[in-house]
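Q: Let me begin by handing over the structure; questions about it come next.
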Amino acid sequence: MSDEEIKTLNRPQAARTAPLGSPGTPATTQPAWLGPVLIVGIVLAALNLRPAITSLGALFEETREGLGMSGTVAGLITSVPALCFAVFGVTAPRLSRRFGPAAVVCAGMAAVAAGLLIRPFATNAAGFLAASALSLAGIALTNVLLPVIVKRWFPDRVGTMTGLYSMALAAGTSLAAAATVPLTSALGGSWRTGLLIWAVLAVAAVLPWLPIAAAGRREKAAAPSGVRPDAGPRIVRSRTAWALACYFGLQATGAYVTMGWLPQIFRDAGVSASTAGVLLAVTMVMGVPLAFVIPGLAGRMRNQGAIAATLGLFGFLGYAGLYFAPAAGAWAWALLLGVSNCAFPLVITLIGLRAKSPAGVVKLSAFAQSVGYLISIPGPLVIGTLYQHTDGWDLPLALMAGLLIPQIALGVLAGRDRTIEDECGMRD
């Protein structure tokens with residue numbers, strides 16, 4: 001970012017006029033420290049949205065053996081993240097209206113930290129699952145409300161700020177996946193220590209949100225008692241909201257299948273286990289720079305359907321390559337799928353662009369992510385079942401390529417220049 005852009009971000013438009021409390025309270029001037037602290041808080045929160053999952057993936061075998069998990073329980077734990085994101089994400093709009101989005105994000109980060117601190121000390125699978133669910137609940141709330149924070153306090157920099165936190169999210173995902181095993185070895189080899197180290201990052205993320213949440217409480221206390229928070233549009237009446245939710249679900253399906261099965265696809269093609277792991281890392285790392293570029297580009301366009309179509313085309317090429325020559329072009333296919341998986345920062349940007357009001361962004365974010373994650377749950381399980389029963393990857397890869405057709409169509413619909421408030425007949 002240029003120096004001028006950084007100065008602009010440090011002086012968010014909404015920080016001068018918009019309240020920190022619930023939507024609908026009167027506008028007042030906010031303190032000068034708010035902009036810089038918000039930027040730090042957003043980045044740290046985004047860094048913590050995936051390490052709880054990817055750090056466990058890196059040590060899953062050791063954790064499963066250490067806690068004596070059955071195969072069924074182990075399978076349940078791998079399905080819990082998407083389920084928690086869907087279930088707890090639905091509660092975000094109500095909590096945001098009651099306490100304000102900043103306070104809920106602060107509580108969400110505290111829940112992430114608490115869960116990560118508790119679960120390494122669990123003595124059985126049930127305790128481990130409960131602690132993991134606590135962290136995932138906090139992640140779910142933050143998932144939904146970060147687009148709201150961006151829209152509300154940086155309304156003229158939605159693309160740039162979404163890119164910043166999407167890049168931080170991708171970096172946190174890749175860092176936890178790549179560094180957990182080496183750090184565990186360096187610290188004595190215990191899986192409990194390897195999981196515990198990520199609690200440090202989560203605790204750090206709580207700190208900047210404490211003063212932001214406190215300012216929000218003061219703002220809320222100063223608001224007239226007769227002012228009621230805006231409940232936002234009736235989201236289920238919006239075609240754009242449904243298109244965005246289904247697009248979110250299909251892109252999440254592709255991402256989870258890639259993270260869960262791509263190394264096995266390469267290994268079955270004759271690629272060594274170590275190289276297959278590096279190829280997955282390459283796919284994930286692609287999301288770091290592109291997660292910043294794509295939202296910025298989308299924010300400058302009136303219609304983002306072309307970006308959705310382009311990302312889908314990269315996915316087609318990647319799956320076709322895996323189908324016809326998985327080993328020969330392994331590096332190219334890993335890169336292509338890495339680009340395709342950057343549909344996530346696009347859909348997060350669209351959430352901020354397809355709603356006018358903070359209340360609308362809250363409801364759209366919760367709806368799109370909750371419905372989307374529910375749609376994504378069966379994907380990795382179906383792919384695994386097809387692989388097991390067909391003893392190969394031809395049919396699973398054909399299915400994944402086929403799902404890109406509705407994904408592109410939905411992305412084009414969600415990318416149209418319209419808002420959910422307009423579709424629901426709400427006036428400015």
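Going through the structure tokens in order, the chains are called A, B, and so on, while each chain numbers its residues from 1 and the ligands are numbered from 1 in the order shown.
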Can you list, as an MDAnalysis selection string, every protein, DNA or RNA residue that comes within 7 Å of segment 247-252 of chain A when you count only C-alpha atoms, leaving out same-chain residues fewer than 5 positions away?
A: chainID A and resid 341 343:344 347 368:369 372:373 375:376 407 410:411
Q: Go ahead and write the selection's residues with N, CA and C atoms as an mmCIF file, in the first residue's frame.
A:
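Resulting contents of again.cif:
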data_model
loop_
_atom_site.group_PDB
_atom_site.id
_atom_site.type_symbol
_atom_site.label_atom_id
_atom_site.label_comp_id
_atom_site.auth_asym_id
_atom_site.auth_seq_id
_atom_site.Cartn_x
_atom_site.Cartn_y
_atom_site.Cartn_z
ATOM 1 N N ASN A 341 -8.880 -21.207 -5.716
ATOM 2 C CA ASN A 341 -9.360 -21.154 -4.338
ATOM 3 C C ASN A 341 -9.421 -19.733 -3.782
ATOM 4 N N ALA A 343 -11.371 -17.662 -4.653
ATOM 5 C CA ALA A 343 -12.769 -17.233 -4.657
ATOM 6 C C ALA A 343 -13.204 -16.812 -3.261
ATOM 7 N N PHE A 344 -12.519 -17.276 -2.228
ATOM 8 C CA PHE A 344 -12.902 -16.887 -0.860
ATOM 9 C C PHE A 344 -12.755 -15.388 -0.615
ATOM 10 N N VAL A 347 -15.600 -13.576 -2.425
ATOM 11 C CA VAL A 347 -16.940 -13.653 -1.851
ATOM 12 C C VAL A 347 -17.044 -12.809 -0.577
ATOM 13 N N ALA A 368 -24.888 -15.703 4.302
ATOM 14 C CA ALA A 368 -24.045 -16.305 3.272
ATOM 15 C C ALA A 368 -23.090 -17.330 3.858
ATOM 16 N N GLN A 369 -22.489 -17.009 5.000
ATOM 17 C CA GLN A 369 -21.509 -17.932 5.570
ATOM 18 C C GLN A 369 -22.168 -19.144 6.219
ATOM 19 N N GLY A 372 -23.627 -21.193 3.408
ATOM 20 C CA GLY A 372 -22.505 -21.684 2.613
ATOM 21 C C GLY A 372 -21.756 -22.813 3.281
ATOM 22 N N TYR A 373 -21.470 -22.666 4.562
ATOM 23 C CA TYR A 373 -20.738 -23.733 5.254
ATOM 24 C C TYR A 373 -21.583 -25.002 5.375
ATOM 25 N N ILE A 375 -23.675 -26.012 3.105
ATOM 26 C CA ILE A 375 -23.566 -26.616 1.774
ATOM 27 C C ILE A 375 -22.242 -27.357 1.616
ATOM 28 N N SER A 376 -21.202 -26.829 2.230
ATOM 29 C CA SER A 376 -19.859 -27.402 2.018
ATOM 30 C C SER A 376 -19.597 -28.677 2.802
ATOM 31 N N GLN A 407 -20.957 -22.888 -9.828
ATOM 32 C CA GLN A 407 -20.216 -21.903 -9.043
ATOM 33 C C GLN A 407 -19.976 -20.633 -9.852
ATOM 34 N N LEU A 410 -23.323 -18.753 -10.316
ATOM 35 C CA LEU A 410 -23.723 -18.073 -9.083
ATOM 36 C C LEU A 410 -22.831 -16.864 -8.809
ATOM 37 N N GLY A 411 -21.538 -16.981 -9.125
ATOM 38 C CA GLY A 411 -20.632 -15.860 -8.940
ATOM 39 C C GLY A 411 -20.998 -14.685 -9.832
#
Q: Quick one: residues within 9 Å of Gly163 of chain A, only C-alpha atoms counted, chain neighbours fewer than 2 positions away excluded, as a list in words?
A: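 Listed by chain and then number, they are Val158, Gly159, Thr160, Met161, Tyr165, Ser166, Met167, Ala168, Leu290, Ala291, Phe292, Val293, Ile294, Pro295, Gly296, Pro345, Leu346 and Thr349 of chain A.
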Q: Could you state the separation of atom CA of Thr385 of chain A and atom CA of Met400 of chain A in Å, given to one decimal place?
A: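 These two atoms are separated by 13.6 Å.
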Q: DSSP says helix (DSSP H, G or I) for which residues of segment 43-232 of chain A? Put them as an MDAnalysis selection string?
A: chainID A and resid 43:47 51:58 60:67 71:89 92:99 101:121 125:153 158:186 191:222
Q: Would you mind exporting C-alpha atoms of the selected residues as a short mmCIF file (atom, residue, chain, number, x, y, z; two decimals), in the first residue's frame?
A:
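New file selection_1.cif:
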data_model
loop_
_atom_site.label_atom_id
_atom_site.label_comp_id
_atom_site.auth_asym_id
_atom_site.auth_seq_id
_atom_site.Cartn_x
_atom_site.Cartn_y
_atom_site.Cartn_z
CA VAL A 43 -5.15 -8.16 11.00
CA LEU A 44 -4.56 -10.05 14.26
CA ALA A 45 -8.12 -11.39 14.28
CA ALA A 46 -7.77 -12.60 10.69
CA LEU A 47 -4.47 -14.32 11.48
CA PRO A 51 -4.67 -21.95 12.95
CA ALA A 52 -7.07 -23.76 15.32
CA ILE A 53 -7.94 -26.00 12.35
CA THR A 54 -4.73 -26.29 10.33
CA SER A 55 -2.48 -26.80 13.38
CA LEU A 56 -4.65 -29.75 14.39
CA GLY A 57 -4.50 -31.12 10.86
CA ALA A 58 -0.71 -31.15 11.03
CA PHE A 60 -3.98 -35.03 13.84
CA GLU A 61 -2.52 -38.55 13.92
CA GLU A 62 -0.55 -37.84 17.09
CA THR A 63 -3.59 -36.20 18.71
CA ARG A 64 -5.88 -39.08 17.75
CA GLU A 65 -3.50 -41.66 19.22
CA GLY A 66 -2.80 -39.56 22.32
CA LEU A 67 -6.49 -39.28 23.18
CA GLY A 71 -12.20 -43.61 13.74
CA THR A 72 -15.77 -42.33 14.09
CA VAL A 73 -14.80 -39.64 16.61
CA ALA A 74 -11.82 -38.64 14.49
CA GLY A 75 -14.11 -38.26 11.47
CA LEU A 76 -16.51 -36.19 13.56
CA ILE A 77 -13.77 -33.77 14.56
CA THR A 78 -12.82 -33.19 10.91
CA SER A 79 -16.43 -32.22 10.15
CA VAL A 80 -16.92 -29.99 13.20
CA PRO A 81 -15.37 -26.75 11.83
CA ALA A 82 -17.85 -26.22 8.97
CA LEU A 83 -20.75 -27.24 11.23
CA CYS A 84 -19.71 -24.78 13.97
CA PHE A 85 -19.23 -22.01 11.43
CA ALA A 86 -22.77 -22.57 10.18
CA VAL A 87 -24.46 -22.95 13.58
CA PHE A 88 -22.72 -20.20 15.55
CA GLY A 89 -22.52 -17.79 12.63
CA ALA A 92 -23.91 -13.04 15.03
CA PRO A 93 -26.61 -10.56 13.86
CA ARG A 94 -28.58 -10.77 17.11
CA LEU A 95 -25.43 -10.48 19.24
CA SER A 96 -24.18 -7.58 17.11
CA ARG A 97 -27.44 -5.66 17.58
CA ARG A 98 -27.39 -6.33 21.31
CA PHE A 99 -23.74 -5.62 22.12
CA PRO A 101 -19.95 -5.79 16.46
CA ALA A 102 -16.67 -4.73 18.10
CA ALA A 103 -17.66 -6.21 21.47
CA VAL A 104 -18.73 -9.49 19.82
CA VAL A 105 -15.45 -9.75 17.90
CA CYS A 106 -13.59 -9.14 21.16
CA ALA A 107 -15.56 -11.92 22.84
CA GLY A 108 -15.00 -14.14 19.81
CA MET A 109 -11.24 -13.70 20.00
CA ALA A 110 -11.37 -14.43 23.74
CA ALA A 111 -13.26 -17.65 22.99
CA VAL A 112 -10.65 -18.65 20.40
CA ALA A 113 -7.86 -18.05 22.91
CA ALA A 114 -9.66 -19.91 25.72
CA GLY A 115 -10.37 -22.94 23.55
CA LEU A 116 -6.77 -23.12 22.33
CA LEU A 117 -5.49 -22.82 25.89
CA ILE A 118 -7.79 -25.54 27.20
CA ARG A 119 -7.76 -28.24 24.54
CA PRO A 120 -4.07 -29.32 24.84
CA PHE A 121 -4.82 -30.29 28.45
CA ALA A 125 -11.89 -36.92 23.14
CA ALA A 126 -15.04 -35.30 24.59
CA GLY A 127 -13.08 -32.60 26.39
CA PHE A 128 -10.92 -31.98 23.36
CA LEU A 129 -14.00 -31.67 21.14
CA ALA A 130 -15.68 -29.24 23.58
CA ALA A 131 -12.60 -27.00 23.75
CA SER A 132 -12.26 -27.08 19.97
CA ALA A 133 -15.93 -26.13 19.60
CA LEU A 134 -15.36 -23.12 21.89
CA SER A 135 -12.57 -21.87 19.63
CA LEU A 136 -14.62 -22.56 16.52
CA ALA A 137 -17.60 -20.65 17.93
CA GLY A 138 -15.37 -17.60 18.39
CA ILE A 139 -14.02 -18.02 14.86
CA ALA A 140 -17.56 -18.29 13.49
CA LEU A 141 -18.62 -14.99 15.08
CA THR A 142 -15.48 -13.24 13.88
CA ASN A 143 -15.87 -14.71 10.38
CA VAL A 144 -19.27 -13.06 10.10
CA LEU A 145 -18.45 -9.73 11.71
CA LEU A 146 -15.10 -8.78 10.17
CA PRO A 147 -16.81 -7.77 6.89
CA VAL A 148 -19.17 -5.70 9.04
CA ILE A 149 -16.27 -3.98 10.81
CA VAL A 150 -14.67 -3.18 7.44
CA LYS A 151 -17.89 -1.86 5.89
CA ARG A 152 -18.72 0.24 8.91
CA TRP A 153 -15.40 1.91 9.70
CA VAL A 158 -13.84 -1.97 1.48
CA GLY A 159 -11.68 -3.65 -1.18
CA THR A 160 -8.34 -2.63 0.34
CA MET A 161 -9.24 -3.56 3.90
CA THR A 162 -10.89 -6.82 2.86
CA GLY A 163 -7.74 -7.63 0.93
CA LEU A 164 -5.62 -6.86 3.99
CA TYR A 165 -7.50 -9.19 6.31
CA SER A 166 -7.96 -11.85 3.62
CA MET A 167 -4.20 -11.85 3.14
CA ALA A 168 -3.71 -12.14 6.90
CA LEU A 169 -6.20 -15.03 7.02
CA ALA A 170 -4.35 -16.86 4.23
CA ALA A 171 -1.02 -16.19 5.94
CA GLY A 172 -2.30 -17.58 9.25
CA THR A 173 -3.65 -20.66 7.50
CA SER A 174 -0.37 -21.37 5.71
CA LEU A 175 1.80 -20.54 8.72
CA ALA A 176 -0.01 -22.94 11.04
CA ALA A 177 0.04 -25.72 8.44
CA ALA A 178 3.75 -25.31 7.68
CA ALA A 179 5.20 -24.39 11.08
CA THR A 180 3.30 -26.59 13.56
CA VAL A 181 5.34 -29.76 13.05
CA PRO A 182 8.79 -28.07 13.07
CA LEU A 183 7.86 -26.02 16.15
CA THR A 184 6.55 -29.13 17.89
CA SER A 185 9.81 -30.95 17.23
CA ALA A 186 11.85 -27.98 18.43
CA TRP A 191 1.49 -32.74 20.30
CA ARG A 192 0.05 -30.92 23.29
CA THR A 193 2.83 -28.32 23.16
CA GLY A 194 2.48 -28.07 19.39
CA LEU A 195 -1.19 -27.15 19.72
CA LEU A 196 -0.70 -24.89 22.73
CA ILE A 197 1.73 -22.51 21.00
CA TRP A 198 -1.06 -21.12 18.79
CA ALA A 199 -2.89 -19.88 21.89
CA VAL A 200 -0.19 -17.21 22.22
CA LEU A 201 -1.20 -15.65 18.90
CA ALA A 202 -4.86 -15.80 19.89
CA VAL A 203 -4.24 -14.05 23.23
CA ALA A 204 -2.37 -11.30 21.37
CA ALA A 205 -5.41 -10.83 19.12
CA VAL A 206 -7.65 -10.09 22.10
CA LEU A 207 -5.61 -7.11 23.28
CA PRO A 208 -6.43 -4.49 20.60
CA TRP A 209 -10.13 -5.35 20.74
CA LEU A 210 -10.38 -4.56 24.45
CA PRO A 211 -10.15 -0.75 24.04
CA ILE A 212 -12.28 -0.87 20.88
CA ALA A 213 -15.02 -2.78 22.69
CA ALA A 214 -14.76 -0.42 25.69
CA ALA A 215 -15.23 2.57 23.40
CA GLY A 216 -18.25 0.82 21.93
CA ARG A 217 -19.81 0.35 25.35
CA ARG A 218 -19.31 4.03 26.17
CA GLU A 219 -20.90 5.02 22.87
CA LYS A 220 -23.84 2.70 23.49
CA ALA A 221 -24.34 4.04 27.00
CA ALA A 222 -24.40 7.61 25.68
#
Q: Smallest atom-to-atom distance to Gly321 of chain A: which of A:Leu280, A:Ala359, A:Ala366, A:Ala398, using only C-alpha atoms?
A: A:Ala398
Q: Quick one: residues within 10 Å of Ile265 of chain A, only C-alpha atoms, excluding same-chain residues fewer than 3 positions away - as a ChimeraX atom specification?
A: /A:258,260-262,268-271,276,322-323,326-327,387,392-393,397
Q: Quick one: of A:Val236, A:Ala245, A:Met284, A:Leu404, who's nearest to Ile351 of chain A, counting only C-alpha atoms?
A: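 Once distances to Ile351 of chain A are computed over only C-alpha atoms, the minimum belongs to A:Ala245.
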Q: Calculate how many Å separate atom CA of Gly360 of chain A from atom CA of Thr240 of chain A, rounding to one decimal.
A: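 Spanning atom CA of Gly360 of chain A to atom CA of Thr240 of chain A is a straight-line distance of 12.5 Å.
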